[in-house]
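So this block is entry_8.cif, mmCIF, N, CA and C atoms:
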```
data_start
#
loop_
_atom_site.label_atom_id
_atom_site.label_comp_id
_atom_site.auth_asym_id
_atom_site.auth_seq_id
_atom_site.Cartn_x
_atom_site.Cartn_y
_atom_site.Cartn_z
N MET A 1 -138.85 89.54 -235.60
CA MET A 1 -137.92 90.26 -236.45
C MET A 1 -138.19 91.75 -236.28
N ASN A 2 -137.13 92.51 -236.05
CA ASN A 2 -137.31 93.95 -235.83
C ASN A 2 -137.18 94.74 -237.14
N SER A 3 -137.52 96.03 -237.06
CA SER A 3 -137.57 96.86 -238.27
C SER A 3 -136.21 97.06 -238.91
N SER A 4 -135.13 97.12 -238.12
CA SER A 4 -133.82 97.30 -238.74
C SER A 4 -133.40 96.06 -239.51
N ARG A 5 -133.76 94.89 -239.04
CA ARG A 5 -133.45 93.65 -239.77
C ARG A 5 -134.29 93.57 -241.05
N ILE A 6 -135.56 93.94 -240.95
CA ILE A 6 -136.41 93.95 -242.15
C ILE A 6 -135.84 94.92 -243.18
N ALA A 7 -135.42 96.10 -242.72
CA ALA A 7 -134.84 97.09 -243.63
C ALA A 7 -133.61 96.53 -244.33
N LEU A 8 -132.75 95.87 -243.58
CA LEU A 8 -131.53 95.32 -244.16
C LEU A 8 -131.84 94.21 -245.17
N LEU A 9 -132.71 93.30 -244.79
CA LEU A 9 -133.05 92.20 -245.70
C LEU A 9 -133.74 92.71 -246.97
N ALA A 10 -134.64 93.67 -246.82
CA ALA A 10 -135.33 94.23 -247.98
C ALA A 10 -134.37 95.01 -248.87
N ALA A 11 -133.45 95.74 -248.28
CA ALA A 11 -132.46 96.49 -249.07
C ALA A 11 -131.55 95.53 -249.84
N VAL A 12 -131.11 94.47 -249.19
CA VAL A 12 -130.29 93.47 -249.88
C VAL A 12 -131.08 92.84 -251.03
N ALA A 13 -132.34 92.54 -250.78
CA ALA A 13 -133.18 91.95 -251.83
C ALA A 13 -133.36 92.92 -253.00
N ALA A 14 -133.48 94.22 -252.73
CA ALA A 14 -133.60 95.21 -253.81
C ALA A 14 -132.32 95.25 -254.64
N VAL A 15 -131.18 95.26 -253.96
CA VAL A 15 -129.90 95.27 -254.66
C VAL A 15 -129.75 94.02 -255.53
N VAL A 16 -130.07 92.87 -254.96
CA VAL A 16 -129.96 91.61 -255.70
C VAL A 16 -130.91 91.61 -256.89
N SER A 17 -132.14 92.04 -256.68
CA SER A 17 -133.12 92.04 -257.76
C SER A 17 -132.70 92.95 -258.90
N TRP A 18 -132.26 94.17 -258.57
CA TRP A 18 -131.88 95.10 -259.63
C TRP A 18 -130.54 94.72 -260.26
N THR A 19 -129.69 94.01 -259.54
CA THR A 19 -128.47 93.48 -260.15
C THR A 19 -128.82 92.37 -261.14
N LEU A 20 -129.72 91.49 -260.74
CA LEU A 20 -130.17 90.43 -261.66
C LEU A 20 -130.86 91.03 -262.89
N LYS A 21 -131.58 92.12 -262.69
CA LYS A 21 -132.22 92.80 -263.81
C LYS A 21 -131.15 93.29 -264.78
N ALA A 22 -130.07 93.88 -264.25
CA ALA A 22 -128.98 94.35 -265.10
C ALA A 22 -128.33 93.20 -265.86
N VAL A 23 -128.15 92.08 -265.18
CA VAL A 23 -127.57 90.90 -265.83
C VAL A 23 -128.50 90.42 -266.95
N ALA A 24 -129.80 90.42 -266.69
CA ALA A 24 -130.77 89.99 -267.71
C ALA A 24 -130.74 90.92 -268.91
N ILE A 25 -130.65 92.22 -268.66
CA ILE A 25 -130.60 93.19 -269.76
C ILE A 25 -129.32 93.00 -270.56
N GLY A 26 -128.21 92.89 -269.86
CA GLY A 26 -126.93 92.72 -270.54
C GLY A 26 -126.86 91.44 -271.34
N THR A 27 -127.38 90.38 -270.77
CA THR A 27 -127.37 89.08 -271.46
C THR A 27 -128.28 89.09 -272.69
N ALA A 28 -129.40 89.79 -272.58
CA ALA A 28 -130.35 89.85 -273.70
C ALA A 28 -129.89 90.81 -274.79
N GLY A 29 -128.95 91.68 -274.48
CA GLY A 29 -128.44 92.60 -275.50
C GLY A 29 -129.03 93.99 -275.47
N GLY A 30 -129.71 94.37 -274.41
CA GLY A 30 -130.23 95.73 -274.30
C GLY A 30 -131.58 95.79 -273.62
N LEU A 31 -132.07 97.01 -273.47
CA LEU A 31 -133.34 97.26 -272.81
C LEU A 31 -134.50 96.65 -273.56
N ASP A 32 -135.48 96.20 -272.81
CA ASP A 32 -136.74 95.66 -273.35
C ASP A 32 -136.56 94.43 -274.22
N LYS A 33 -135.49 93.68 -273.98
CA LYS A 33 -135.26 92.46 -274.75
C LYS A 33 -135.35 91.21 -273.90
N SER A 34 -135.43 91.37 -272.57
CA SER A 34 -135.49 90.22 -271.68
C SER A 34 -136.87 90.15 -271.02
N PRO A 35 -137.47 88.96 -270.98
CA PRO A 35 -138.76 88.83 -270.29
C PRO A 35 -138.63 88.96 -268.78
N LEU A 36 -137.42 88.90 -268.26
CA LEU A 36 -137.21 89.01 -266.81
C LEU A 36 -137.09 90.46 -266.34
N GLU A 37 -136.91 91.37 -267.27
CA GLU A 37 -136.67 92.78 -266.92
C GLU A 37 -137.80 93.38 -266.08
N GLY A 38 -139.03 93.22 -266.50
CA GLY A 38 -140.18 93.77 -265.78
C GLY A 38 -140.37 93.17 -264.40
N PRO A 39 -140.44 91.84 -264.30
CA PRO A 39 -140.63 91.23 -262.98
C PRO A 39 -139.49 91.56 -261.99
N LEU A 40 -138.26 91.60 -262.48
CA LEU A 40 -137.15 91.93 -261.58
C LEU A 40 -137.18 93.39 -261.15
N PHE A 41 -137.64 94.27 -262.04
CA PHE A 41 -137.78 95.68 -261.66
C PHE A 41 -138.82 95.82 -260.55
N PHE A 42 -139.99 95.22 -260.74
CA PHE A 42 -141.05 95.36 -259.75
C PHE A 42 -140.72 94.67 -258.43
N THR A 43 -140.01 93.55 -258.49
CA THR A 43 -139.55 92.90 -257.25
C THR A 43 -138.59 93.82 -256.51
N GLY A 44 -137.65 94.41 -257.24
CA GLY A 44 -136.71 95.34 -256.62
C GLY A 44 -137.40 96.57 -256.07
N LEU A 45 -138.38 97.08 -256.80
CA LEU A 45 -139.12 98.26 -256.35
C LEU A 45 -139.88 97.96 -255.05
N LEU A 46 -140.54 96.83 -255.01
CA LEU A 46 -141.27 96.44 -253.80
C LEU A 46 -140.31 96.32 -252.61
N CYS A 47 -139.19 95.67 -252.83
CA CYS A 47 -138.20 95.51 -251.75
C CYS A 47 -137.63 96.87 -251.33
N PHE A 48 -137.40 97.75 -252.31
CA PHE A 48 -136.90 99.08 -252.01
C PHE A 48 -137.88 99.86 -251.13
N VAL A 49 -139.16 99.80 -251.47
CA VAL A 49 -140.18 100.51 -250.69
C VAL A 49 -140.27 99.94 -249.28
N VAL A 50 -140.25 98.62 -249.16
CA VAL A 50 -140.27 97.99 -247.83
C VAL A 50 -139.06 98.42 -247.03
N ALA A 51 -137.89 98.48 -247.65
CA ALA A 51 -136.68 98.89 -246.95
C ALA A 51 -136.78 100.33 -246.47
N VAL A 52 -137.29 101.22 -247.31
CA VAL A 52 -137.43 102.63 -246.92
C VAL A 52 -138.39 102.78 -245.75
N VAL A 53 -139.52 102.11 -245.81
CA VAL A 53 -140.50 102.17 -244.73
C VAL A 53 -139.90 101.60 -243.44
N ALA A 54 -139.22 100.47 -243.54
CA ALA A 54 -138.62 99.85 -242.35
C ALA A 54 -137.51 100.72 -241.76
N VAL A 55 -136.75 101.40 -242.60
CA VAL A 55 -135.73 102.33 -242.08
C VAL A 55 -136.41 103.45 -241.31
N GLY A 56 -137.51 103.98 -241.85
CA GLY A 56 -138.24 105.04 -241.13
C GLY A 56 -138.73 104.58 -239.78
N VAL A 57 -139.23 103.36 -239.71
CA VAL A 57 -139.70 102.81 -238.44
C VAL A 57 -138.52 102.56 -237.50
N ALA A 58 -137.42 102.03 -238.04
CA ALA A 58 -136.25 101.73 -237.21
C ALA A 58 -135.62 102.99 -236.63
N LEU A 59 -135.65 104.08 -237.38
CA LEU A 59 -135.06 105.32 -236.89
C LEU A 59 -135.85 105.94 -235.74
N THR A 60 -137.09 105.52 -235.56
CA THR A 60 -137.91 106.07 -234.49
C THR A 60 -138.08 105.08 -233.34
N ARG A 61 -137.12 104.19 -233.19
CA ARG A 61 -137.15 103.19 -232.12
C ARG A 61 -137.28 103.89 -230.76
N GLY A 62 -138.17 103.37 -229.93
CA GLY A 62 -138.38 103.94 -228.61
C GLY A 62 -139.44 105.04 -228.57
N ARG A 63 -139.95 105.44 -229.71
CA ARG A 63 -140.99 106.46 -229.78
C ARG A 63 -142.36 105.79 -229.71
N PRO A 64 -143.41 106.57 -229.47
CA PRO A 64 -144.77 106.00 -229.48
C PRO A 64 -145.11 105.39 -230.83
N GLY A 65 -146.03 104.43 -230.81
CA GLY A 65 -146.41 103.71 -232.02
C GLY A 65 -146.90 104.61 -233.14
N TRP A 66 -147.67 105.64 -232.81
CA TRP A 66 -148.18 106.51 -233.86
C TRP A 66 -147.07 107.29 -234.54
N VAL A 67 -146.03 107.66 -233.79
CA VAL A 67 -144.88 108.36 -234.37
C VAL A 67 -144.14 107.42 -235.33
N ARG A 68 -143.97 106.18 -234.91
CA ARG A 68 -143.29 105.19 -235.76
C ARG A 68 -144.09 104.93 -237.03
N ALA A 69 -145.42 104.85 -236.89
CA ALA A 69 -146.27 104.61 -238.06
C ALA A 69 -146.19 105.77 -239.04
N VAL A 70 -146.26 106.99 -238.54
CA VAL A 70 -146.17 108.17 -239.42
C VAL A 70 -144.79 108.21 -240.09
N ALA A 71 -143.74 107.92 -239.32
CA ALA A 71 -142.39 107.92 -239.89
C ALA A 71 -142.25 106.88 -240.99
N GLY A 72 -142.83 105.71 -240.78
CA GLY A 72 -142.71 104.64 -241.77
C GLY A 72 -143.60 104.81 -242.97
N VAL A 73 -144.82 105.29 -242.75
CA VAL A 73 -145.80 105.32 -243.83
C VAL A 73 -145.82 106.65 -244.59
N VAL A 74 -145.44 107.75 -243.92
CA VAL A 74 -145.51 109.06 -244.56
C VAL A 74 -144.13 109.65 -244.80
N VAL A 75 -143.38 109.86 -243.74
CA VAL A 75 -142.12 110.60 -243.82
C VAL A 75 -141.07 109.85 -244.64
N ALA A 76 -140.82 108.59 -244.32
CA ALA A 76 -139.77 107.84 -245.01
C ALA A 76 -140.05 107.71 -246.51
N PRO A 77 -141.26 107.36 -246.94
CA PRO A 77 -141.50 107.29 -248.39
C PRO A 77 -141.32 108.64 -249.10
N VAL A 78 -141.77 109.73 -248.46
CA VAL A 78 -141.59 111.05 -249.08
C VAL A 78 -140.11 111.37 -249.22
N LEU A 79 -139.33 111.12 -248.17
CA LEU A 79 -137.88 111.35 -248.24
C LEU A 79 -137.22 110.39 -249.23
N GLY A 80 -137.69 109.15 -249.28
CA GLY A 80 -137.15 108.18 -250.24
C GLY A 80 -137.40 108.61 -251.67
N ILE A 81 -138.61 109.08 -251.95
CA ILE A 81 -138.92 109.56 -253.30
C ILE A 81 -138.09 110.79 -253.62
N GLY A 82 -137.97 111.69 -252.67
CA GLY A 82 -137.15 112.89 -252.88
C GLY A 82 -135.70 112.55 -253.17
N ALA A 83 -135.15 111.62 -252.39
CA ALA A 83 -133.76 111.21 -252.60
C ALA A 83 -133.60 110.52 -253.95
N THR A 84 -134.57 109.70 -254.32
CA THR A 84 -134.50 109.01 -255.61
C THR A 84 -134.56 110.01 -256.76
N LEU A 85 -135.41 111.02 -256.64
CA LEU A 85 -135.48 112.06 -257.68
C LEU A 85 -134.19 112.87 -257.74
N ALA A 86 -133.58 113.13 -256.58
CA ALA A 86 -132.30 113.84 -256.55
C ALA A 86 -131.21 113.02 -257.24
N VAL A 87 -131.18 111.72 -256.95
CA VAL A 87 -130.20 110.84 -257.61
C VAL A 87 -130.43 110.83 -259.12
N ASP A 88 -131.69 110.74 -259.53
CA ASP A 88 -132.01 110.74 -260.95
C ASP A 88 -131.58 112.05 -261.60
N GLY A 89 -131.78 113.16 -260.91
CA GLY A 89 -131.35 114.46 -261.43
C GLY A 89 -129.84 114.55 -261.57
N LEU A 90 -129.14 114.04 -260.57
CA LEU A 90 -127.68 114.05 -260.61
C LEU A 90 -127.17 113.17 -261.74
N VAL A 91 -127.73 111.99 -261.86
CA VAL A 91 -127.34 111.08 -262.96
C VAL A 91 -127.68 111.73 -264.30
N GLY A 92 -128.80 112.44 -264.34
CA GLY A 92 -129.20 113.11 -265.58
C GLY A 92 -128.20 114.14 -266.05
N THR A 93 -127.52 114.80 -265.11
CA THR A 93 -126.51 115.78 -265.50
C THR A 93 -125.26 115.11 -266.07
N LEU A 94 -125.03 113.87 -265.71
CA LEU A 94 -123.86 113.13 -266.19
C LEU A 94 -124.16 112.29 -267.43
N ARG A 95 -125.42 112.06 -267.68
CA ARG A 95 -125.87 111.18 -268.77
C ARG A 95 -125.57 111.81 -270.12
N PRO A 96 -125.12 111.01 -271.08
CA PRO A 96 -124.90 111.55 -272.44
C PRO A 96 -126.23 111.99 -273.07
N THR A 97 -126.13 112.74 -274.13
CA THR A 97 -127.34 113.28 -274.76
C THR A 97 -128.27 112.19 -275.28
N ASP A 98 -127.73 111.05 -275.64
CA ASP A 98 -128.55 109.92 -276.09
C ASP A 98 -128.44 108.80 -275.06
N PRO A 99 -129.26 108.83 -273.99
CA PRO A 99 -129.12 107.85 -272.91
C PRO A 99 -129.39 106.42 -273.35
N LEU A 100 -130.14 106.23 -274.42
CA LEU A 100 -130.42 104.88 -274.86
C LEU A 100 -129.27 104.30 -275.69
N ARG A 101 -128.23 105.12 -275.88
CA ARG A 101 -127.08 104.64 -276.61
C ARG A 101 -126.48 103.43 -275.90
N HIS A 102 -126.50 103.48 -274.59
CA HIS A 102 -126.07 102.32 -273.81
C HIS A 102 -127.03 102.18 -272.64
N TRP A 103 -127.55 100.99 -272.41
CA TRP A 103 -128.59 100.75 -271.41
C TRP A 103 -128.14 101.06 -269.99
N VAL A 104 -126.85 101.05 -269.72
CA VAL A 104 -126.37 101.31 -268.36
C VAL A 104 -126.83 102.68 -267.87
N TRP A 105 -126.83 103.68 -268.75
CA TRP A 105 -127.24 105.02 -268.35
C TRP A 105 -128.71 105.08 -267.95
N ALA A 106 -129.51 104.18 -268.49
CA ALA A 106 -130.93 104.14 -268.13
C ALA A 106 -131.15 103.43 -266.80
N GLU A 107 -130.16 102.68 -266.33
CA GLU A 107 -130.30 101.86 -265.13
C GLU A 107 -129.52 102.36 -263.93
N ILE A 108 -128.58 103.24 -264.12
CA ILE A 108 -127.64 103.60 -263.06
C ILE A 108 -128.34 104.23 -261.85
N ASN A 109 -129.43 104.96 -262.07
CA ASN A 109 -130.13 105.57 -260.94
C ASN A 109 -130.70 104.51 -260.00
N LEU A 110 -131.14 103.36 -260.54
CA LEU A 110 -131.63 102.28 -259.68
C LEU A 110 -130.51 101.74 -258.80
N TRP A 111 -129.34 101.57 -259.40
CA TRP A 111 -128.21 101.01 -258.64
C TRP A 111 -127.77 101.95 -257.53
N VAL A 112 -127.73 103.24 -257.83
CA VAL A 112 -127.33 104.22 -256.82
C VAL A 112 -128.36 104.27 -255.69
N ALA A 113 -129.64 104.28 -256.04
CA ALA A 113 -130.70 104.31 -255.02
C ALA A 113 -130.67 103.05 -254.16
N ALA A 114 -130.49 101.89 -254.79
CA ALA A 114 -130.43 100.64 -254.04
C ALA A 114 -129.22 100.60 -253.12
N ALA A 115 -128.08 101.05 -253.61
CA ALA A 115 -126.88 101.08 -252.78
C ALA A 115 -127.05 102.06 -251.61
N ALA A 116 -127.70 103.18 -251.87
CA ALA A 116 -127.92 104.17 -250.81
C ALA A 116 -128.83 103.62 -249.72
N VAL A 117 -129.93 102.97 -250.08
CA VAL A 117 -130.83 102.43 -249.06
C VAL A 117 -130.17 101.26 -248.33
N LEU A 118 -129.33 100.51 -249.02
CA LEU A 118 -128.59 99.44 -248.35
C LEU A 118 -127.61 100.03 -247.34
N GLY A 119 -126.89 101.07 -247.72
CA GLY A 119 -125.98 101.73 -246.79
C GLY A 119 -126.71 102.30 -245.59
N LEU A 120 -127.86 102.91 -245.82
CA LEU A 120 -128.66 103.46 -244.73
C LEU A 120 -129.18 102.36 -243.81
N ALA A 121 -129.63 101.27 -244.40
CA ALA A 121 -130.12 100.14 -243.60
C ALA A 121 -129.00 99.54 -242.76
N LEU A 122 -127.80 99.44 -243.32
CA LEU A 122 -126.64 98.95 -242.56
C LEU A 122 -126.32 99.89 -241.41
N ALA A 123 -126.34 101.19 -241.67
CA ALA A 123 -126.04 102.18 -240.63
C ALA A 123 -127.08 102.13 -239.51
N VAL A 124 -128.35 102.03 -239.88
CA VAL A 124 -129.42 101.96 -238.87
C VAL A 124 -129.28 100.68 -238.05
N ARG A 125 -128.98 99.60 -238.71
CA ARG A 125 -128.81 98.31 -238.01
C ARG A 125 -127.62 98.39 -237.04
N ARG A 126 -126.51 98.95 -237.50
CA ARG A 126 -125.32 99.08 -236.66
C ARG A 126 -125.60 100.01 -235.47
N HIS A 127 -126.29 101.13 -235.74
CA HIS A 127 -126.62 102.07 -234.67
C HIS A 127 -127.55 101.42 -233.64
N GLY A 128 -128.52 100.65 -234.12
CA GLY A 128 -129.44 99.96 -233.21
C GLY A 128 -128.72 98.94 -232.36
N ALA A 129 -127.78 98.21 -232.94
CA ALA A 129 -127.01 97.22 -232.18
C ALA A 129 -126.14 97.91 -231.14
N ALA A 130 -125.51 99.02 -231.51
CA ALA A 130 -124.67 99.76 -230.56
C ALA A 130 -125.53 100.34 -229.44
N SER A 131 -126.70 100.83 -229.78
CA SER A 131 -127.61 101.40 -228.79
C SER A 131 -128.09 100.34 -227.81
N ARG A 132 -128.42 99.15 -228.33
CA ARG A 132 -128.87 98.07 -227.44
C ARG A 132 -127.74 97.59 -226.55
N ALA A 133 -126.52 97.59 -227.05
CA ALA A 133 -125.38 97.16 -226.24
C ALA A 133 -125.09 98.17 -225.13
N ALA A 134 -125.27 99.45 -225.43
CA ALA A 134 -125.00 100.49 -224.44
C ALA A 134 -126.10 100.60 -223.40
N HIS A 135 -127.32 100.25 -223.79
CA HIS A 135 -128.48 100.36 -222.89
C HIS A 135 -129.24 99.05 -222.88
N PRO A 136 -128.71 98.01 -222.27
CA PRO A 136 -129.45 96.72 -222.25
C PRO A 136 -130.75 96.84 -221.49
N ALA A 137 -131.74 96.13 -221.95
CA ALA A 137 -133.08 96.21 -221.33
C ALA A 137 -133.14 95.48 -220.02
#
```
For the file at hand, write its structure as structure tokens.
Amino acid sequence: MNSSRIALLAAVAAVVSWTLKAVAIGTAGGLDKSPLEGPLFFTGLLCFVVAVVAVGVALTRGRPGWVRAVAGVVVAPVLGIGATLAVDGLVGTLRPTDPLRHWVWAEINLWVAAAAVLGLALAVRRHGAASRAAHPA
């Protein structure tokens, strides 16, 4: 299994996990009322981190191993954290003054981040497939 496939599968798993978390919150009637909320958050977070690292490795396809390792372990997580903080800041400007008034405002940054990493993983996967088709080994 290559890094672009791992990135795609992990990104899909993050989206699914955080969607299930939202369903659990909504079904329970709000934040901190469902016993599934914590485990689904951490599952999604783990999958999100794996997806970000795998995207970093996939983007450096054809480079030396040490470059791929640095991209996956250092550069991609730093950029992922930066992008996540930027999304949170943007959502914060749109959030009402009482964000706990409705739980969706407390969760929307996760959905945007998960959708973004999924879109990036899809783009990397598509680019890798096009590159392999144009330059067969």
Atom pair atom N of Val49 of chain A / atom C of Ile6 of chain A: separation (Å)
10.2 Å
Once DSSP has gone over the backbone, tell me which residues of segment 90-122 of chain A are in alpha helix (DSSP H), as number ranges by chain.
A: 90-94, 104-122
What is the distance between atom N of His102 of chain A and atom CA of Asp32 of chain A, in Å to one decimal?
12.9 Å
Ranking A:Val16, A:Ala123, A:Val57, A:Leu8 by minimum distance to Gly72 of chain A and counting only N, CA and C atoms, which one comes first?
A:Val57
Atomic distance atom C of Trp18 of chain A - atom CA of Ser34 of chain A, expressed in Å with one decimal:
13.2 Å
Name the closest residue to Val91 of chain A among the candidates A:Leu79, A:Leu122, A:Asn109, A:Gly30; distances are taken between atoms, counting only N, CA and C atoms.
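Checking each of A:Leu79, A:Leu122, A:Asn109, A:Gly30 against Val91 of chain A, counting only N, CA and C atoms, the winner is A:Asn109.
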Out of A:Leu110, A:Gly119, A:Val12, A:Pro64, which residue has the shortest atom-to-atom distance to Asp88 of chain A when counting only N, CA and C atoms?
A:Leu110
Assuming the chain letters and numbering stay as they are in my file, what does the PyMOL selection byres (((chain A and resi 15 and name CA) around 8) and name CA) actually select? List them as JSON, numbers by chain.
{"A": [11, 12, 13, 14, 16, 17, 18, 19, 44, 111, 114, 115, 118]}
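Shortest atom-to-atom contact with Leu46 of chain A among A:Val78, A:Leu59, A:Ile108, A:Ala10: A:Ala10, counting only N, CA and C atoms.
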Could you give me, as a PyMOL selection string, the residues within 8 Å of Thr60 of chain A, counting only C-alpha atoms and dropping anything in the same chain fewer than 6 positions from it?
chain A and resi 67-68+71
Let's have the selection written as a compact mmCIF listing (two decimals), keeping the file's coordinate frame, with N, CA and C atoms.
```
# COMPACT_ATOMS: atom_id res chain seq x y z
N VAL A 67 -146.03 107.66 -233.79
CA VAL A 67 -144.88 108.36 -234.37
C VAL A 67 -144.14 107.42 -235.33
N ARG A 68 -143.97 106.18 -234.91
CA ARG A 68 -143.29 105.19 -235.76
C ARG A 68 -144.09 104.93 -237.03
N ALA A 71 -143.74 107.92 -239.32
CA ALA A 71 -142.39 107.92 -239.89
C ALA A 71 -142.25 106.88 -240.99
```
Residues proximal to (-137.1, 96.5, -237.9) were defined as those with any atom within 8 Å of that point in the file's coordinates, counting only C-alpha atoms. Which are they, as a PyMOL selection string?
chain A and resi 1-7+54-55+57-58
